[in-house]
Every structure is written in structure tokens, then in C-alpha cells.
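Dumped data-v5.cif below, it's mmCIF, C-alpha atoms:
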data_my_file
loop_
_atom_site.label_atom_id
_atom_site.label_comp_id
_atom_site.auth_asym_id
_atom_site.auth_seq_id
_atom_site.Cartn_x
_atom_site.Cartn_y
_atom_site.Cartn_z
CA MET T 1 -18.70 2.08 -10.88
CA ARG T 2 -19.52 3.62 -7.54
CA GLY T 3 -17.02 1.18 -6.08
CA LEU T 4 -14.30 2.65 -8.28
CA THR T 5 -15.21 6.15 -7.12
CA THR T 6 -14.93 5.06 -3.50
CA ALA T 7 -11.62 3.29 -4.14
CA ILE T 8 -10.09 6.37 -5.77
CA ARG T 9 -11.26 8.66 -2.97
CA THR T 10 -10.06 6.22 -0.31
CA LEU T 11 -6.59 5.57 -1.70
CA SER T 12 -5.65 8.88 -3.31
CA ILE T 13 -6.31 12.58 -3.81
CA LEU T 14 -7.25 12.03 -7.46
CA PRO T 15 -10.62 13.51 -8.44
CA ALA T 16 -13.41 10.97 -8.84
CA PRO T 17 -16.85 11.99 -10.12
CA GLY T 18 -20.00 10.23 -9.00
CA SER T 19 -21.47 8.91 -5.77
CA GLU T 20 -19.88 6.67 -3.17
CA ALA T 21 -20.67 2.95 -3.07
CA LYS T 22 -23.49 2.01 -0.69
CA ASN T 23 -21.44 -0.99 0.43
CA MET T 24 -17.89 0.26 1.01
CA ALA T 25 -16.53 -3.25 0.41
CA ASP T 26 -17.64 -2.99 -3.23
CA SER T 27 -14.64 -0.73 -3.74
CA LEU T 28 -12.15 -3.50 -2.85
CA PRO T 29 -11.99 -5.10 -6.34
CA TRP T 30 -10.94 -1.72 -7.71
CA PHE T 31 -8.00 -1.23 -5.37
CA PRO T 32 -5.44 -2.71 -7.84
CA LEU T 33 -6.66 -0.38 -10.61
CA VAL T 34 -6.20 2.66 -8.38
CA GLY T 35 -2.74 1.36 -7.52
CA ALA T 36 -1.99 1.02 -11.24
CA LEU T 37 -3.16 4.57 -11.96
CA LEU T 38 -0.96 5.97 -9.22
CA GLY T 39 2.00 3.78 -10.17
CA TRP T 40 1.80 4.78 -13.83
CA LEU T 41 1.52 8.43 -12.85
CA LEU T 42 4.68 8.15 -10.76
CA LEU T 43 6.34 6.28 -13.62
CA ALA T 44 5.48 9.16 -15.97
CA ILE T 45 6.99 11.60 -13.48
CA GLY T 46 10.15 9.48 -13.34
CA TRP T 47 10.43 9.28 -17.11
CA GLY T 48 9.86 13.03 -17.36
CA LEU T 49 12.67 13.72 -14.91
CA GLU T 50 15.00 11.54 -16.98
CA GLN T 51 14.48 13.87 -19.95
CA LEU T 52 16.02 16.76 -18.05
CA PRO T 53 19.73 17.51 -18.58
CA GLY T 54 21.85 15.35 -16.31
CA ILE T 55 20.35 12.35 -14.51
CA TRP T 56 20.54 12.61 -10.73
CA PRO T 57 19.14 9.33 -9.37
CA GLN T 58 18.98 10.45 -5.74
CA GLY T 59 17.28 13.74 -6.55
CA ASN T 60 14.81 12.15 -8.96
CA ALA T 61 14.06 9.45 -6.38
CA PHE T 62 13.25 12.13 -3.82
CA ILE T 63 10.82 13.87 -6.18
CA ILE T 64 9.05 10.59 -6.99
CA LEU T 65 8.85 9.76 -3.30
CA LEU T 66 7.47 13.20 -2.50
CA ALA T 67 4.87 12.84 -5.25
CA SER T 68 3.81 9.45 -3.87
CA VAL T 69 3.25 10.90 -0.41
CA LEU T 70 1.26 13.82 -1.79
CA LEU T 71 -0.88 11.59 -4.01
CA THR T 72 -1.93 9.49 -1.01
CA ARG T 73 -2.03 12.33 1.55
CA GLY T 74 0.39 10.26 3.63
CA PHE T 75 -2.68 8.34 4.79
CA HIS T 76 -1.04 4.92 4.78
CA LEU T 77 2.10 6.27 6.43
CA ASP T 78 -0.10 7.42 9.29
CA GLY T 79 -1.40 3.86 9.58
CA LEU T 80 2.15 2.53 9.67
CA ALA T 81 3.10 4.98 12.42
CA ASP T 82 0.05 4.09 14.51
CA CYS T 83 0.75 0.36 14.12
CA ALA T 84 4.38 0.79 15.13
CA ASP T 85 3.43 2.78 18.22
CA GLY T 86 0.66 0.42 19.27
CA LEU T 87 2.42 -2.85 18.59
CA GLY T 88 5.72 -1.57 19.93
CA GLY T 89 4.46 0.15 23.06
CA GLY T 90 1.37 -1.75 24.15
CA TYR T 91 1.44 -4.73 26.52
CA SER T 92 -2.16 -5.84 26.03
CA ARG T 93 -4.64 -5.93 23.17
CA GLU T 94 -6.70 -3.10 24.66
CA LYS T 95 -3.64 -0.92 25.28
CA ARG T 96 -2.30 -1.47 21.76
CA LEU T 97 -5.62 -0.50 20.19
CA ALA T 98 -5.86 2.55 22.45
CA ILE T 99 -2.37 3.73 21.46
CA MET T 100 -3.16 3.22 17.78
CA LYS T 101 -6.27 5.38 18.13
CA ASP T 102 -4.32 8.22 19.74
CA SER T 103 -3.64 11.01 17.25
CA HIS T 104 -0.17 11.63 18.68
CA ILE T 105 2.86 9.87 17.22
CA GLY T 106 5.55 8.23 19.34
CA VAL T 107 9.14 7.19 18.85
CA PHE T 108 8.21 3.83 17.34
CA GLY T 109 6.01 5.54 14.77
CA VAL T 110 8.65 8.13 13.88
CA ALA T 111 11.31 5.44 13.48
CA ALA T 112 9.05 3.24 11.34
CA VAL T 113 8.09 6.04 8.95
CA ALA T 114 11.65 7.37 8.71
CA LEU T 115 13.13 3.94 7.98
CA LEU T 116 10.45 3.07 5.46
CA LEU T 117 10.85 6.35 3.55
CA LEU T 118 14.62 5.94 3.59
CA GLY T 119 14.22 2.42 2.25
CA LYS T 120 11.93 3.57 -0.55
CA TRP T 121 14.31 6.39 -1.47
CA VAL T 122 17.28 4.00 -1.69
CA CYS T 123 15.29 1.54 -3.82
CA LEU T 124 14.00 4.25 -6.15
CA ALA T 125 17.49 5.67 -6.65
CA ARG T 126 18.75 2.19 -7.50
CA LEU T 127 15.88 1.50 -9.92
CA ILE T 128 16.46 4.83 -11.67
CA SER T 129 20.15 4.08 -12.11
CA VAL T 130 19.46 0.69 -13.74
CA ASN T 131 16.43 1.75 -15.80
CA GLY T 132 14.08 -0.26 -13.63
CA LEU T 133 11.24 2.16 -12.90
CA MET T 134 8.74 -0.25 -14.44
CA TRP T 135 8.70 -1.84 -11.00
CA LEU T 136 6.78 1.18 -9.72
CA PRO T 137 3.38 0.16 -11.15
CA THR T 138 3.90 -3.44 -10.02
CA ALA T 139 4.68 -2.35 -6.47
CA TRP T 140 1.62 -0.14 -6.31
CA ILE T 141 -0.73 -2.72 -7.83
CA VAL T 142 0.30 -5.60 -5.57
CA SER T 143 0.48 -3.44 -2.44
CA ARG T 144 -3.12 -2.30 -3.03
CA THR T 145 -4.25 -5.92 -3.42
CA VAL T 146 -2.77 -7.22 -0.17
CA PRO T 147 -5.17 -5.25 2.09
CA VAL T 148 -8.09 -6.74 0.17
CA ALA T 149 -6.93 -10.21 1.19
CA LEU T 150 -6.43 -9.12 4.80
CA ALA T 151 -9.87 -7.48 4.96
CA ILE T 152 -11.51 -10.70 3.83
CA ALA T 153 -9.43 -13.13 5.88
CA LEU T 154 -9.54 -11.37 9.26
CA PRO T 155 -12.17 -9.85 11.55
CA TYR T 156 -12.24 -6.17 12.41
CA ALA T 157 -10.46 -5.63 15.72
CA ARG T 158 -12.68 -2.81 16.99
CA GLU T 159 -16.41 -2.33 17.31
CA ASN T 160 -16.23 0.63 14.95
CA GLY T 161 -13.53 2.40 12.99
CA THR T 162 -12.31 3.78 9.67
CA GLY T 163 -11.99 0.40 7.99
CA ALA T 164 -14.93 -1.37 9.62
CA GLU T 165 -17.29 -1.13 6.65
CA PHE T 166 -14.60 -2.36 4.24
CA VAL T 167 -13.76 -5.38 6.38
CA ARG T 168 -17.22 -6.47 7.52
CA GLY T 169 -18.75 -6.21 4.07
CA SER T 170 -15.89 -7.98 2.27
CA GLN T 171 -16.40 -11.33 0.53
CA GLY T 172 -14.30 -13.83 -1.35
CA LYS T 173 -15.56 -12.55 -4.68
CA HIS T 174 -13.95 -9.19 -3.94
CA LEU T 175 -10.53 -10.78 -3.55
CA GLY T 176 -11.00 -12.95 -6.63
CA ALA T 177 -11.87 -9.95 -8.77
CA ALA T 178 -9.05 -7.85 -7.31
CA PHE T 179 -6.44 -10.57 -7.85
CA ILE T 180 -7.46 -11.25 -11.45
CA LEU T 181 -7.49 -7.54 -12.26
CA ALA T 182 -4.09 -7.07 -10.60
CA CYS T 183 -2.55 -9.94 -12.58
CA VAL T 184 -3.91 -8.59 -15.88
CA LEU T 185 -2.61 -5.09 -15.13
CA ILE T 186 0.85 -6.38 -14.20
CA ARG T 187 1.05 -8.74 -17.19
CA LEU T 188 0.03 -6.08 -19.69
CA GLY T 189 2.06 -3.28 -18.16
CA SER T 190 5.25 -4.86 -16.89
CA GLY T 191 5.58 -8.46 -18.08
CA PRO T 192 5.40 -12.00 -16.68
CA LEU T 193 8.56 -11.70 -14.55
CA HIS T 194 6.81 -9.22 -12.30
CA LEU T 195 4.13 -11.78 -11.43
CA LEU T 196 6.73 -13.59 -9.30
CA VAL T 197 6.38 -10.93 -6.60
CA TRP T 198 3.08 -12.50 -5.55
CA ILE T 199 5.12 -15.11 -3.70
CA PRO T 200 6.92 -12.77 -1.25
CA ALA T 201 3.86 -10.52 -1.07
CA GLY T 202 1.73 -13.52 -0.11
CA ILE T 203 4.24 -14.64 2.51
CA PHE T 204 4.26 -11.18 4.05
CA ALA T 205 0.45 -11.00 4.02
CA LEU T 206 0.20 -14.35 5.82
CA TRP T 207 2.73 -13.28 8.44
CA TRP T 208 1.26 -9.81 8.96
CA GLY T 209 -2.26 -11.17 9.16
CA GLY T 210 -1.28 -13.81 11.71
CA TYR T 211 0.74 -11.35 13.75
CA THR T 212 -2.01 -8.72 13.96
CA ARG T 213 -4.63 -11.39 14.68
CA LYS T 214 -2.57 -12.52 17.65
CA ARG T 215 -1.68 -9.06 18.94
CA LEU T 216 -4.82 -7.09 18.09
CA GLY T 217 -7.51 -9.65 17.46
CA GLY T 218 -7.82 -8.77 13.78
CA VAL T 219 -7.26 -5.84 11.47
CA THR T 220 -7.96 -2.13 11.60
CA GLY T 221 -7.68 0.64 9.04
CA ASP T 222 -4.17 1.28 10.34
CA VAL T 223 -3.20 -2.37 9.85
CA LEU T 224 -4.43 -2.29 6.27
CA GLY T 225 -2.60 0.98 5.58
CA ALA T 226 0.62 -0.36 7.05
CA SER T 227 0.35 -3.46 4.86
CA ILE T 228 0.22 -1.21 1.80
CA GLU T 229 3.36 0.68 2.75
CA VAL T 230 5.43 -2.36 3.71
CA THR T 231 4.37 -4.42 0.68
CA GLU T 232 5.18 -1.55 -1.66
CA THR T 233 8.66 -1.15 -0.16
CA LEU T 234 9.25 -4.91 -0.22
CA ILE T 235 8.49 -5.14 -3.94
CA LEU T 236 10.62 -2.12 -4.81
CA PHE T 237 13.46 -3.78 -2.89
CA LEU T 238 13.03 -7.06 -4.72
CA GLY T 239 12.82 -5.19 -8.02
CA CYS T 240 16.32 -3.86 -7.43
CA PHE T 241 17.61 -7.43 -7.63
CA LEU T 242 15.38 -8.61 -10.47
CA VAL T 243 16.25 -5.85 -12.95
CA PHE T 244 18.37 -7.29 -15.72
#
Would you kindly transcribe this structure into C-alpha cells?
Amino acid sequence: MRGLTTAIRTLSILPAPGSEAKNMADSLPWFPLVGALLGWLLLAIGWGLEQLPGIWPQGNAFIILLASVLLTRGFHLDGLADCADGLGGGYSREKRLAIMKDSHIGVFGVAAVALLLLGKWVCLARLISVNGLMWLPTAWIVSRTVPVALAIALPYARENGTGAEFVRGSQGKHLGAAFILACVLIRLGSGPLHLLVWIPAGIFALWWGGYTRKRLGGVTGDVLGASIEVTETLILFLGCFLVF
């Protein structure tokens, strides 16, 4: 259970009693559950907003989006911004990693975060208007499973860093447990149709993993955080077309 405590503290601002896991990678199987908790919490917020007089999809979407940023401290958005700056502005592996480590944000990072948030807002407004908010938990569960696969499949690109202990201690059993848990959570909460999103999520994970391996030599905490944000947005987008 220490792994669950570490997963909650790593991925959210939710309170988690107990001690941290001795091996940080032991938290990886719990990532989908944390995603489910956050997704269901956002779903509850969305349903609560729908009970207010007059449904305003765009306004409700903004509140849900704001809540999602607050619940995660914008931690993964920071990773996305760093990746965009490093991959967009660096002309060598060393330069890209150096830019990503810089605490300042550049134009590539600003553009990436702005476009991603705009994309999420548009998708959420659409899902609200067609009664499709059940895609929220699915998006959060799958997007928190993808970095587990990346951590196991790729080496850590730096000697040390935020995600080093997660990546270097990861094993295949962590991914197996995370994937099974994610499938159970999606099946019980949203239905079998939602399991189809593993296909595009898997394709993205393969591409992103290959791209960062080539450009950076592996993954970093920023790479894993960016994968969460992009996967989440991708699934929300697909959900807009799969809502019947």
C-alpha cells in the first residue's frame, strides 16, 4: 500500500496517509487507480454543474479544466512545456536535455500548453453538450497507464532526475498489473466500448517512445508527464466522436 501512497502524492494533491514506497517503481501499478480517482472526481464536478439552472457547456468545461489543473498542480503541464522547449529548440541531445532542465519556459512551451488546454476545453465542452462526460475517467485512467509502459520500455535519459527511480526500478510486472487494473476500472466504470481507446493510446505511446529515444536517448520525468497530458487530450478528442 505504500506504492499507492506514493502514486497519489506523485500524481495529485490528494491527501495520502502512510509512508512512501522504498522502491518508487512500486507505485507504478497504482497509477491507473489514481487516474480513476481523479477522473471520477472531475466527473462528479461535471455532474454537479449540470444540476445548476441553465447548462453552459463552455463555462462548465472551463471549471472542470481548472479543477484538473489544480488537482495535479499543473505538474504534467510543466513537463509538456519543458519537452516542447527542449525538443523544439535543441539541436543536439545534450542541448535538448539542458533546455528541458532549465526552469524558464520558452515560446515552444507556451504554445504547447496553450494549444493543449484549448484542445481539452473544446473537447470537454463538446462532451458536456452530448452527455459524454463518462469519457473523463477513461481518459485519466489510460493516460496514467501510458507512462508506466514508457518507464519500463525505455532507459532514463539522464544520470539523475525526478523520474530516475521510477524508470530504473520498473519491471514488466508493474506494467502487467497496471494494465489489468486499468482495464477492470474502465470496464466497470464506463463500459466495453471505452476499451477501444487502447489502440490509439498504444500507437501514440510507441511513437512517443521511439521519438524521445531517438532525440533524447530515453525518457525523463518531463517526457512521462507530457505523455500523460497528450494521451488524456487524445482520448477526450476520440470520445467526442464515439459518443452515441
Practice problem: Take atom CA of Leu136 of chain T and atom CA of Val69 of chain T and report the distance between them in Å, one decimal. | Solution: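 Taking atom CA of Leu136 of chain T as the start and atom CA of Val69 of chain T as the end point, the length is 13.9 Å.
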Practice problem: Can you work out which one of T:Ala226, T:Ala61, T:Ala149, T:Ile99 has the shortest atom-to-atom distance to Phe75 of chain T, counting all atoms listed in the file? | Solution: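 Residue with the minimum atom-to-atom distance to Phe75 of chain T: T:Ala226.
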Practice problem: Run the PyMOL selection byres ((chain T and resi 6-10) around 10) on the file and write out the hits as a PyMOL selection string. | Solution: chain T and resi 1-5+11-35+37-38+72+75
Quiz item: Got a sec to resolve the PyMOL selection byres ((chain T and resi 187-196) around 10) on this structure and send the residues as a list in words?
Solution: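 So the PyMOL selection byres ((chain T and resi 187-196) around 10) ends up selecting Ala36, Trp40, Met134, Trp135, Leu136, Pro137, Thr138, Ala139, Val142, Leu181, Ala182, Cys183, Val184, Leu185, Ile186, Val197, Trp198, Ile199, Pro200, Ala201, Ile235, Gly239, Leu242 and Val243 of chain T.
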Self-check item: Residue IDs satisfying the PyMOL selection byres ((chain T and resi 122) around 10), as an MDAnalysis selection string
Solution: chainID T and resid 57:58 61:62 116:121 123:127 236:237 240
Give me a file of those residues, with C-alpha atoms, as a short mmCIF file (atom, residue, chain, number, x, y, z; two decimals), keeping the file's coordinate frame.
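Okay, this is what ended up in out.cif:
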data_model
loop_
_atom_site.label_atom_id
_atom_site.label_comp_id
_atom_site.auth_asym_id
_atom_site.auth_seq_id
_atom_site.Cartn_x
_atom_site.Cartn_y
_atom_site.Cartn_z
CA PRO T 57 19.14 9.33 -9.37
CA GLN T 58 18.98 10.45 -5.74
CA ALA T 61 14.06 9.45 -6.38
CA PHE T 62 13.25 12.13 -3.82
CA LEU T 116 10.45 3.07 5.46
CA LEU T 117 10.85 6.35 3.55
CA LEU T 118 14.62 5.94 3.59
CA GLY T 119 14.22 2.42 2.25
CA LYS T 120 11.93 3.57 -0.55
CA TRP T 121 14.31 6.39 -1.47
CA CYS T 123 15.29 1.54 -3.82
CA LEU T 124 14.00 4.25 -6.15
CA ALA T 125 17.49 5.67 -6.65
CA ARG T 126 18.75 2.19 -7.50
CA LEU T 127 15.88 1.50 -9.92
CA LEU T 236 10.62 -2.12 -4.81
CA PHE T 237 13.46 -3.78 -2.89
CA CYS T 240 16.32 -3.86 -7.43
#
Practice problem: Report the distance between atom CA of Gly46 of chain T and atom CA of Ser68 of chain T in Å, rounded to one decimal place. | Solution: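 So the answer is 11.4 Å.
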Quiz prompt | Proximity to His76 of chain T - best of T:Pro147, T:Arg215, T:Gln171, T:Asn131, all atoms listed in the file | solution =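 Under the stated criterion, the closest residue is T:Pro147.
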Quiz item: When you draw a straight line from atom CA of Gly163 of chain T to atom CA of Leu150 of chain T, how long is it in Å?
Solution: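 So the two atoms, atom CA of Gly163 of chain T and atom CA of Leu150 of chain T, lie 11.5 Å apart.
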Practice problem: Mind checking which residues fall within 10 Å of Ala164 of chain T, counting only C-alpha atoms, ignoring those fewer than 4 positions away in the same chain, and posting them as a list in words? | Solution: Met24, Ala25, Ala151, Pro155, Tyr156, Ala157, Arg158, Glu159, Asn160, Arg168, Gly169, Ser170, Val219, Thr220 and Gly221 of chain T
Quiz prompt | Pick from T:Ala177, T:Val110, T:Met100, T:Ile203 nearest to Asp222 of chain T, counting all atoms listed in the file | solution =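 Ranked by minimum distance to Asp222 of chain T, first place goes to T:Met100.
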Quiz item: Between T:Trp56, T:Phe179, T:Tyr211, T:Trp140, which has the minimum distance to Leu234 of chain T (counting all atoms listed in the file)?
Solution: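 Looking only at the distances to Leu234 of chain T, the closest residue turns out to be T:Trp140.
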Place N, CA and C atoms on segment 57-83 of chain T and deliver the coordinates as a PDB file, keeping the file's coordinate frame.
ATOM      1  N   PRO T  57      20.017  10.349  -9.920  1.00  0.00           N
ATOM      2  CA  PRO T  57      19.140   9.330  -9.370  1.00  0.00           C
ATOM      3  C   PRO T  57      18.584   9.667  -7.985  1.00  0.00           C
ATOM      4  N   GLN T  58      19.439  10.168  -7.094  1.00  0.00           N
ATOM      5  CA  GLN T  58      18.980  10.450  -5.740  1.00  0.00           C
ATOM      6  C   GLN T  58      17.959  11.585  -5.709  1.00  0.00           C
ATOM      7  N   GLY T  59      18.214  12.627  -6.500  1.00  0.00           N
ATOM      8  CA  GLY T  59      17.280  13.740  -6.550  1.00  0.00           C
ATOM      9  C   GLY T  59      15.956  13.343  -7.196  1.00  0.00           C
ATOM     10  N   ASN T  60      16.020  12.609  -8.297  1.00  0.00           N
ATOM     11  CA  ASN T  60      14.810  12.150  -8.960  1.00  0.00           C
ATOM     12  C   ASN T  60      14.007  11.216  -8.052  1.00  0.00           C
ATOM     13  N   ALA T  61      14.734  10.370  -7.301  1.00  0.00           N
ATOM     14  CA  ALA T  61      14.060   9.450  -6.380  1.00  0.00           C
ATOM     15  C   ALA T  61      13.312  10.235  -5.304  1.00  0.00           C
ATOM     16  N   PHE T  62      13.906  11.315  -4.843  1.00  0.00           N
ATOM     17  CA  PHE T  62      13.250  12.130  -3.820  1.00  0.00           C
ATOM     18  C   PHE T  62      11.963  12.758  -4.362  1.00  0.00           C
ATOM     19  N   ILE T  63      12.008  13.243  -5.591  1.00  0.00           N
ATOM     20  CA  ILE T  63      10.820  13.870  -6.180  1.00  0.00           C
ATOM     21  C   ILE T  63       9.702  12.842  -6.370  1.00  0.00           C
ATOM     22  N   ILE T  64      10.052  11.644  -6.830  1.00  0.00           N
ATOM     23  CA  ILE T  64       9.050  10.590  -6.990  1.00  0.00           C
ATOM     24  C   ILE T  64       8.465  10.209  -5.639  1.00  0.00           C
ATOM     25  N   LEU T  65       9.313  10.107  -4.633  1.00  0.00           N
ATOM     26  CA  LEU T  65       8.850   9.760  -3.300  1.00  0.00           C
ATOM     27  C   LEU T  65       7.930  10.839  -2.739  1.00  0.00           C
ATOM     28  N   LEU T  66       8.305  12.092  -2.948  1.00  0.00           N
ATOM     29  CA  LEU T  66       7.470  13.200  -2.500  1.00  0.00           C
ATOM     30  C   LEU T  66       6.112  13.171  -3.189  1.00  0.00           C
ATOM     31  N   ALA T  67       6.126  12.911  -4.494  1.00  0.00           N
ATOM     32  CA  ALA T  67       4.870  12.840  -5.250  1.00  0.00           C
ATOM     33  C   ALA T  67       3.986  11.707  -4.732  1.00  0.00           C
ATOM     34  N   SER T  68       4.599  10.588  -4.367  1.00  0.00           N
ATOM     35  CA  SER T  68       3.810   9.450  -3.870  1.00  0.00           C
ATOM     36  C   SER T  68       3.139   9.774  -2.544  1.00  0.00           C
ATOM     37  N   VAL T  69       3.838  10.510  -1.699  1.00  0.00           N
ATOM     38  CA  VAL T  69       3.250  10.900  -0.410  1.00  0.00           C
ATOM     39  C   VAL T  69       2.104  11.887  -0.621  1.00  0.00           C
ATOM     40  N   LEU T  70       2.296  12.829  -1.529  1.00  0.00           N
ATOM     41  CA  LEU T  70       1.260  13.820  -1.790  1.00  0.00           C
ATOM     42  C   LEU T  70       0.023  13.178  -2.426  1.00  0.00           C
ATOM     43  N   LEU T  71       0.240  12.238  -3.321  1.00  0.00           N
ATOM     44  CA  LEU T  71      -0.880  11.590  -4.010  1.00  0.00           C
ATOM     45  C   LEU T  71      -1.757  10.765  -3.072  1.00  0.00           C
ATOM     46  N   THR T  72      -1.179  10.310  -1.974  1.00  0.00           N
ATOM     47  CA  THR T  72      -1.930   9.490  -1.010  1.00  0.00           C
ATOM     48  C   THR T  72      -2.227  10.241   0.280  1.00  0.00           C
ATOM     49  N   ARG T  73      -1.852  11.498   0.351  1.00  0.00           N
ATOM     50  CA  ARG T  73      -2.030  12.330   1.550  1.00  0.00           C
ATOM     51  C   ARG T  73      -1.270  11.773   2.759  1.00  0.00           C
ATOM     52  N   GLY T  74      -0.338  10.874   2.519  1.00  0.00           N
ATOM     53  CA  GLY T  74       0.390  10.260   3.630  1.00  0.00           C
ATOM     54  C   GLY T  74      -0.506   9.414   4.516  1.00  0.00           C
ATOM     55  N   PHE T  75      -1.677   9.048   3.999  1.00  0.00           N
ATOM     56  CA  PHE T  75      -2.680   8.340   4.790  1.00  0.00           C
ATOM     57  C   PHE T  75      -2.181   6.994   5.280  1.00  0.00           C
ATOM     58  N   HIS T  76      -1.525   6.251   4.407  1.00  0.00           N
ATOM     59  CA  HIS T  76      -1.040   4.920   4.780  1.00  0.00           C
ATOM     60  C   HIS T  76       0.183   5.012   5.687  1.00  0.00           C
ATOM     61  N   LEU T  77       0.971   6.057   5.532  1.00  0.00           N
ATOM     62  CA  LEU T  77       2.100   6.270   6.430  1.00  0.00           C
ATOM     63  C   LEU T  77       1.608   6.507   7.857  1.00  0.00           C
ATOM     64  N   ASP T  78       0.490   7.197   7.973  1.00  0.00           N
ATOM     65  CA  ASP T  78      -0.100   7.420   9.290  1.00  0.00           C
ATOM     66  C   ASP T  78      -0.502   6.081   9.908  1.00  0.00           C
ATOM     67  N   GLY T  79      -1.045   5.188   9.093  1.00  0.00           N
ATOM     68  CA  GLY T  79      -1.400   3.860   9.580  1.00  0.00           C
ATOM     69  C   GLY T  79      -0.182   3.083  10.046  1.00  0.00           C
ATOM     70  N   LEU T  80       0.909   3.194   9.288  1.00  0.00           N
ATOM     71  CA  LEU T  80       2.150   2.530   9.670  1.00  0.00           C
ATOM     72  C   LEU T  80       2.655   3.051  11.006  1.00  0.00           C
ATOM     73  N   ALA T  81       2.633   4.376  11.170  1.00  0.00           N
ATOM     74  CA  ALA T  81       3.100   4.980  12.420  1.00  0.00           C
ATOM     75  C   ALA T  81       2.251   4.525  13.599  1.00  0.00           C
ATOM     76  N   ASP T  82       0.940   4.514  13.425  1.00  0.00           N
ATOM     77  CA  ASP T  82       0.050   4.090  14.510  1.00  0.00           C
ATOM     78  C   ASP T  82       0.286   2.625  14.872  1.00  0.00           C
ATOM     79  N   CYS T  83       0.478   1.778  13.860  1.00  0.00           N
ATOM     80  CA  CYS T  83       0.750   0.360  14.120  1.00  0.00           C
ATOM     81  C   CYS T  83       2.060   0.187  14.880  1.00  0.00           C
TER      82      CYS T  83
END
